[in-house]
Amino acid sequence: MFPTPIQSRPQPAQIAYKTLLPVALILWLLPLIAVAAFSIRPEGDFVSGNYWGIPTSFDLIPNYSKVFFESDMPRYLLNSVLITVPTVIGAVALSAMTGFALGIYRFKGNLLIFFMFIAGNFVPFQILMVPVRDLTVDAGLYDTKTGLVLFHIAFQTGFCTLFMRNFIRALPYPLIEAARVEGVAEWRIFWYVVLPLMKPALAALSVLIFTFIWNDYFWAVVLTQGPDSQPVTAGITAFNSQFRAAYHLMSAGSIVAALPPVLMFFLMQRHFIAGLTLGAVK
Amino acid sequence: MKTLTAALAATTMLSGAAFADGHQLSGELRIISDMSNPAPRAVMEGLVEDFGELHPDLDIELTVVDREAWKTQIRNALTANAPDLVNWYAANRMRPYVDAGLFMDVSDLWAEPEFEALASTKGAMTIDDAQWGVPYTYYQWGVYYREDIFDELGLEEPETWEQELANCQAILDSGRKCYTIGTKFLWTAGGWFDYINARTNGYDFHMELARGEVPWTDERVRQTFSNWRELIDMGAYIDDHQNYSWQEALPFMVNGEATSYLMGNFAVAAMRDGGLSDEQLDFYQFPIIAPDVERAEDAPTDTFHIPANASNPEAAKEFLRYVTSAEVQTRINAGDALGQLPVNAGSSVDDDEFLQQGFQMLSNDAPGGIMQFFDRDLDAEMASIGMEGLQEFMVFPDNLEDILARLEDARQRIYE
């Protein structure tokens with residue numbers, strides 16, 4: 001059933017594993033390594049075709065200080081935070097409630113509503129590009145952070161509801177019945193009984209949605225323009241000047257933009273893994 | 001009778017007010033600029049500041065938008081809540097907005113004597129016999145080459161096509177390529193077509209073709225391609241150029257694997273960053289192909305326009321006068337500002353080898369006219385189909401018949 005642990009495999013297999021693992025790892029990480037290496041090169045290296053050799057100078061500090069002090073990068077980062085955090089709160093709060101309703105109450109059409117939430121996930125979101133853009137223009141939300149947040153909440157709630165509903169379904173139902181027998185109001189059951197039990201799911205979902213939204217590029221490009229509202233993923237291209245692409249600054253900017261989700265992952269690693277394996281252990 | 005006098009009084013009052021405005025501008029002046037990169041942005045902000053000092057009662061509001069984003073935003077901006085001034089490009093690029101009545105006719109400005117100094121771009125600003133904006137900067141195109149390699153091989157700057165071909169053969173014999181180019185994003189091939197076509201058939205024919213008045217299957221167009229093919233058949237261009245952007249093609253020249261680059265003046269800054277000194281680098285005008293054809297040059301021009309719905313056109317026009325004056329154009333195009341060429345012939349040019357040569361060339365050696373570049377002179381859709389065809393031709397020259405038939409189809413569809 002389970003694969004034999006490496007330690008108890010024969011010697012040659014262990015050696016092969018230990019040599020191939022770093023190779024596979026480097027291969028896997030090559031694009032990231034390239035971006036990291038590009039971010040400390042001077043601009044001249046790209047003009048003279050020195051992409052992979054020794055950098056002619058080590059420009060870590062000039063490149064990164066340009067990113068932070070001579071560009072709109074801090075503004076874009078702030079936009080990303082202002083878009084991602086409300087979306088996470090909104091989507092998780094809404095889906096906790098819908099999940100509670102769909103998971104606890106038996107009513108006609110329960111399954112139908114649930115399927116509608118799921119069905120949203122099966123629509124390729126690129127199809128929605130033009131209608132959503134028109135909708136936000138008509139609503140006066142085009143090129144605003146609010147517009148992007150509202151759309152993300154609406155779209156993420158589908159997936160979150162699926163997640164939450166299944167999690168709540170898996171909670172021991174007698175807990176809720178016991179509370180009802182005690183005469184506890186329904187909203188108090190949600191707040192004092194179900195919500196505390198959902199903490200692992202809430203944490204896992206928050207981390208997941210945070211990375212989804214932070215890394216979103218498509219909707220950022222479709223629904224926003226310029227440093228007033230664009231998140232960092234879309235703002236990175238602002239390093240390109242009229243004629244030239246500044247590969248070194250874009251690389252440095254990408255590294256900076258990628259840090260928050262990475263940090264989030266390491267800080268919340270426990271919840272992340274818990275969230276992904278929650279269903280599996282049951 | 002009473003109403004008539006009232007109306008008369010009102011008109012005189014109005015004209016009096018207008019007259020006063022001419023001296024003392026007031027109200028709000030809203031500018032949307034696409035000069036979003038650091039140096040151009042500083043130029044734009046400096047312009048607003050200085051203009052504001054000249055007209056203290058004027059309340060100037062400047063919005064700088066990303067240059068790329070502006071290409072899609074402009075239509076929105078011109079229709080809803082239009083500002084008083086916008087940045088755009090000359091020639092066919094402004095046609096959609098002129099045809100839609102979104103740009104204001106500024107022919108009256110061009111009739112003023114001061115505007116004679118801008119004659120080199122007047123043609124590019126004219127649609128339907130009227131002018132629709134003013135230029136503030138342009139830059140030359142031409143052949144940038146490795147002077148040190150030319151010296152090593154004993155080559156001179158060519159003036160005719162025969163010399164160009166002979167030079168190229170010598171370069172090829174030394175184990176190098178003549179030209180670097182990256183056609184991944186297509187437009188670089190447009191530069192080559194512009195020059196070979198304008199040198200073979202002249203500016204007027206080139207513009208007729210750009211306006212869709214001549215079929216692509218015309219014998220003269222074929223002549224252009226057959227001239228171009230001489231270079232392609234020699235193996236003059238670097239291999240696999242369709243995989244490189246213009247920037248990614250730079251290392252070939254910087255490392256001496258190719259000797260020349262037909263490019264705009266913006267390439268110089270990149271080449272200097274790559275370690276080429278001014279002793280290694282030089283510039284020549286694209287050589288003459290047909291001896292009786294007057295030389296025309298590519299010089300993409302950036303412009304200011306007044307939207308038709310502007311609320312303060314009086315102040316906007318004053319700004320256009322200001323930005324086209326010789327002194328202002330000298331300042332904003334200096335090496336530490338835009339680093340490009342002033343359009344005003346009375347301006348002085350930064351003390352830079354390439355800017356000096358470019359200014360000299362555009363002001364004196366381009367009697368044929370100033371082209372705006374393939375993708376600005378042609379209709380946008382035609383240009384994109386056209387450039388695909390040019391790239392294909394550079395890689396598979398045998399497909400020419402096919403390509404021309406396809407372009408001709410597109411022309412008939414687009415310009416009908």
# chains A, B, ... in the order shown; residues from 1 in each chain; ligands from 1
$ select_by_dssp --residues "segment 114-257 of chain A" --states "alpha helix (DSSP H)" --output "PDB file with C-alpha atoms, in the first residue's frame"
ATOM      1  CA  PHE A 114     -25.015  23.668  -3.798  1.00  0.00           C
ATOM      2  CA  PHE A 115     -24.554  22.464  -7.363  1.00  0.00           C
ATOM      3  CA  MET A 116     -24.944  25.998  -8.638  1.00  0.00           C
ATOM      4  CA  PHE A 117     -22.077  27.091  -6.416  1.00  0.00           C
ATOM      5  CA  ILE A 118     -19.985  24.242  -7.741  1.00  0.00           C
ATOM      6  CA  ALA A 119     -21.034  24.811 -11.332  1.00  0.00           C
ATOM      7  CA  GLY A 120     -19.445  28.256 -11.176  1.00  0.00           C
ATOM      8  CA  ASN A 121     -16.111  26.515 -10.808  1.00  0.00           C
ATOM      9  CA  PHE A 122     -16.602  24.667 -14.069  1.00  0.00           C
ATOM     10  CA  MET A 129     -13.858  38.509 -19.517  1.00  0.00           C
ATOM     11  CA  VAL A 130     -16.003  40.696 -21.758  1.00  0.00           C
ATOM     12  CA  PRO A 131     -19.286  40.565 -19.801  1.00  0.00           C
ATOM     13  CA  VAL A 132     -17.545  41.210 -16.488  1.00  0.00           C
ATOM     14  CA  ARG A 133     -15.621  44.106 -17.968  1.00  0.00           C
ATOM     15  CA  ASP A 134     -18.832  45.630 -19.347  1.00  0.00           C
ATOM     16  CA  LEU A 135     -20.567  45.046 -16.057  1.00  0.00           C
ATOM     17  CA  THR A 136     -17.911  46.863 -14.065  1.00  0.00           C
ATOM     18  CA  VAL A 137     -17.836  49.738 -16.558  1.00  0.00           C
ATOM     19  CA  ASP A 138     -21.614  50.132 -16.302  1.00  0.00           C
ATOM     20  CA  LYS A 145      -9.937  48.324  -6.287  1.00  0.00           C
ATOM     21  CA  THR A 146     -13.521  47.898  -5.106  1.00  0.00           C
ATOM     22  CA  GLY A 147     -14.533  46.479  -8.459  1.00  0.00           C
ATOM     23  CA  LEU A 148     -11.746  43.946  -8.402  1.00  0.00           C
ATOM     24  CA  VAL A 149     -12.478  42.969  -4.788  1.00  0.00           C
ATOM     25  CA  LEU A 150     -16.186  42.506  -5.440  1.00  0.00           C
ATOM     26  CA  PHE A 151     -15.564  40.375  -8.470  1.00  0.00           C
ATOM     27  CA  HIS A 152     -13.002  38.219  -6.688  1.00  0.00           C
ATOM     28  CA  ILE A 153     -15.327  37.692  -3.722  1.00  0.00           C
ATOM     29  CA  ALA A 154     -18.174  36.717  -6.011  1.00  0.00           C
ATOM     30  CA  PHE A 155     -16.024  34.337  -7.976  1.00  0.00           C
ATOM     31  CA  GLN A 156     -14.098  32.749  -5.102  1.00  0.00           C
ATOM     32  CA  THR A 157     -17.187  32.184  -2.991  1.00  0.00           C
ATOM     33  CA  GLY A 158     -18.168  29.273  -5.225  1.00  0.00           C
ATOM     34  CA  PHE A 159     -15.073  27.263  -4.515  1.00  0.00           C
ATOM     35  CA  CYS A 160     -15.007  28.290  -0.849  1.00  0.00           C
ATOM     36  CA  THR A 161     -18.597  27.219  -0.366  1.00  0.00           C
ATOM     37  CA  LEU A 162     -17.817  23.773  -1.708  1.00  0.00           C
ATOM     38  CA  PHE A 163     -14.928  23.529   0.709  1.00  0.00           C
ATOM     39  CA  MET A 164     -16.830  24.862   3.731  1.00  0.00           C
ATOM     40  CA  ARG A 165     -20.034  22.933   3.124  1.00  0.00           C
ATOM     41  CA  ASN A 166     -18.152  19.645   2.964  1.00  0.00           C
ATOM     42  CA  PHE A 167     -16.170  20.513   6.062  1.00  0.00           C
ATOM     43  CA  ILE A 168     -19.291  21.394   8.048  1.00  0.00           C
ATOM     44  CA  ARG A 169     -21.018  18.239   6.804  1.00  0.00           C
ATOM     45  CA  TYR A 173     -24.179  16.567  13.830  1.00  0.00           C
ATOM     46  CA  PRO A 174     -25.166  15.647  17.444  1.00  0.00           C
ATOM     47  CA  LEU A 175     -23.249  18.711  18.621  1.00  0.00           C
ATOM     48  CA  ILE A 176     -25.714  20.936  16.826  1.00  0.00           C
ATOM     49  CA  GLU A 177     -28.703  18.900  17.944  1.00  0.00           C
ATOM     50  CA  ALA A 178     -27.522  19.096  21.533  1.00  0.00           C
ATOM     51  CA  ALA A 179     -27.282  22.861  21.261  1.00  0.00           C
ATOM     52  CA  ARG A 180     -30.765  23.051  19.779  1.00  0.00           C
ATOM     53  CA  VAL A 181     -32.146  20.970  22.637  1.00  0.00           C
ATOM     54  CA  GLU A 186     -29.404  29.327  15.349  1.00  0.00           C
ATOM     55  CA  TRP A 187     -27.020  32.241  14.853  1.00  0.00           C
ATOM     56  CA  ARG A 188     -25.438  31.452  18.242  1.00  0.00           C
ATOM     57  CA  LEU A 195     -17.246  28.563  13.861  1.00  0.00           C
ATOM     58  CA  PRO A 196     -14.712  27.515  16.542  1.00  0.00           C
ATOM     59  CA  LEU A 197     -14.712  24.010  15.093  1.00  0.00           C
ATOM     60  CA  LYS A 199     -10.876  27.210  12.604  1.00  0.00           C
ATOM     61  CA  PRO A 200      -8.576  24.844  10.691  1.00  0.00           C
ATOM     62  CA  ALA A 201     -10.760  25.178   7.588  1.00  0.00           C
ATOM     63  CA  LEU A 202     -10.903  28.963   7.922  1.00  0.00           C
ATOM     64  CA  ALA A 203      -7.138  29.198   8.259  1.00  0.00           C
ATOM     65  CA  ALA A 204      -6.466  26.834   5.383  1.00  0.00           C
ATOM     66  CA  LEU A 205      -8.942  28.552   3.106  1.00  0.00           C
ATOM     67  CA  SER A 206      -7.606  32.001   3.964  1.00  0.00           C
ATOM     68  CA  VAL A 207      -4.083  30.996   3.056  1.00  0.00           C
ATOM     69  CA  LEU A 208      -5.248  29.388  -0.159  1.00  0.00           C
ATOM     70  CA  ILE A 209      -7.394  32.326  -1.268  1.00  0.00           C
ATOM     71  CA  PHE A 210      -4.656  34.756  -0.290  1.00  0.00           C
ATOM     72  CA  THR A 211      -2.219  33.106  -2.677  1.00  0.00           C
ATOM     73  CA  PHE A 212      -4.861  32.792  -5.419  1.00  0.00           C
ATOM     74  CA  ILE A 213      -5.774  36.455  -5.310  1.00  0.00           C
ATOM     75  CA  TRP A 214      -2.272  37.767  -4.768  1.00  0.00           C
ATOM     76  CA  PHE A 218      -5.759  37.974 -15.571  1.00  0.00           C
ATOM     77  CA  TRP A 219      -8.439  40.006 -13.807  1.00  0.00           C
ATOM     78  CA  ALA A 220      -5.940  42.602 -12.693  1.00  0.00           C
ATOM     79  CA  VAL A 221      -5.190  43.316 -16.327  1.00  0.00           C
ATOM     80  CA  VAL A 222      -8.805  43.135 -17.452  1.00  0.00           C
ATOM     81  CA  LEU A 223     -10.405  45.259 -14.745  1.00  0.00           C
ATOM     82  CA  VAL A 232       1.634  44.203  -8.169  1.00  0.00           C
ATOM     83  CA  THR A 233       1.298  41.319 -10.628  1.00  0.00           C
ATOM     84  CA  ALA A 234       0.067  43.675 -13.312  1.00  0.00           C
ATOM     85  CA  GLY A 235       2.268  46.534 -12.190  1.00  0.00           C
ATOM     86  CA  TYR A 247      14.789  42.646 -17.371  1.00  0.00           C
ATOM     87  CA  HIS A 248      16.882  43.236 -14.250  1.00  0.00           C
ATOM     88  CA  LEU A 249      14.262  45.448 -12.599  1.00  0.00           C
ATOM     89  CA  MET A 250      11.385  43.215 -13.616  1.00  0.00           C
ATOM     90  CA  SER A 251      13.197  40.266 -12.073  1.00  0.00           C
ATOM     91  CA  ALA A 252      13.845  42.146  -8.853  1.00  0.00           C
ATOM     92  CA  GLY A 253      10.232  43.294  -8.820  1.00  0.00           C
ATOM     93  CA  SER A 254       8.973  39.741  -9.353  1.00  0.00           C
ATOM     94  CA  ILE A 255      11.011  38.490  -6.429  1.00  0.00           C
ATOM     95  CA  VAL A 256       9.584  41.202  -4.203  1.00  0.00           C
ATOM     96  CA  ALA A 257       6.068  40.485  -5.441  1.00  0.00           C
TER      97      ALA A 257
END
$ interface_residues --of "chain B" --to "chain A" --cutoff "8 Å" --atoms "only C-alpha atoms" --output "PyMOL selection string"
chain B and resi 37+65-67+69+247-248+250-252+254-255+266+270-271+273-275
$ select_by_dssp --residues "segment 167-405 of chain B" --states "strand (DSSP E or B)" --output "ChimeraX atom specification"
/B:177-179,237,258-264,281-284,288,296-298,301-305,307,341,369-371
$ residues_around --residues "Asn333 of chain B" --least-positions-apart "4" --cutoff "10 Å" --atoms "only C-alpha atoms" --output "MDAnalysis selection string"
chainID B and resid 40 43 136:139 328:329 337:343 347:350 355
$ residues_around --residues "segment 89-104 of chain B" --least-positions-apart "5" --cutoff "6 Å" --atoms "only C-alpha atoms" --output "ChimeraX atom specification"
/B:124-125,301-303,306-308,376-377
$ atom_distance --atom1 "atom CA of Gly369 of chain B" --atom2 "atom CA of Asp298 of chain B"
8.8 Å
$ residues_around --residues "segment 309-323 of chain B" --least-positions-apart "5" --cutoff "6 Å" --atoms "only C-alpha atoms" --output "list in words"
Ala82, Pro83, Asp84 and Val328 of chain B
$ residues_around --residues "Phe193 of chain B" --least-positions-apart "6" --cutoff "9 Å" --atoms "only C-alpha atoms" --output "list in words"
Thr224, Phe225, Trp228, Phe374 and Leu390 of chain B
$ write_last_selection --atoms "N, CA and C atoms" --output "PDB file, in the first residue's frame"
ATOM      1  N   THR B 224      10.694  46.415 -54.827  1.00  0.00           N
ATOM      2  CA  THR B 224      11.189  46.616 -53.461  1.00  0.00           C
ATOM      3  C   THR B 224      11.615  45.288 -52.847  1.00  0.00           C
ATOM      4  N   PHE B 225      10.710  44.306 -52.967  1.00  0.00           N
ATOM      5  CA  PHE B 225      11.017  43.009 -52.358  1.00  0.00           C
ATOM      6  C   PHE B 225      12.204  42.344 -53.049  1.00  0.00           C
ATOM      7  N   TRP B 228      15.256  43.821 -51.611  1.00  0.00           N
ATOM      8  CA  TRP B 228      15.441  43.310 -50.252  1.00  0.00           C
ATOM      9  C   TRP B 228      16.007  41.895 -50.304  1.00  0.00           C
ATOM     10  N   PHE B 374       6.258  52.125 -40.376  1.00  0.00           N
ATOM     11  CA  PHE B 374       5.284  51.213 -40.973  1.00  0.00           C
ATOM     12  C   PHE B 374       3.976  51.128 -40.171  1.00  0.00           C
ATOM     13  N   LEU B 390       5.974  40.595 -43.799  1.00  0.00           N
ATOM     14  CA  LEU B 390       7.378  40.989 -43.951  1.00  0.00           C
ATOM     15  C   LEU B 390       8.286  40.006 -43.217  1.00  0.00           C
TER      16      LEU B 390
END
$ atom_distance --atom1 "atom CA of Ser57 of chain A" --atom2 "atom CA of Arg146 of chain B"
24.8 Å
$ closest_residue --among "B:Leu404, B:Ala166, B:Ala296, B:Met394" --to "Pro367 of chain B" --atoms "only C-alpha atoms"
B:Ala296
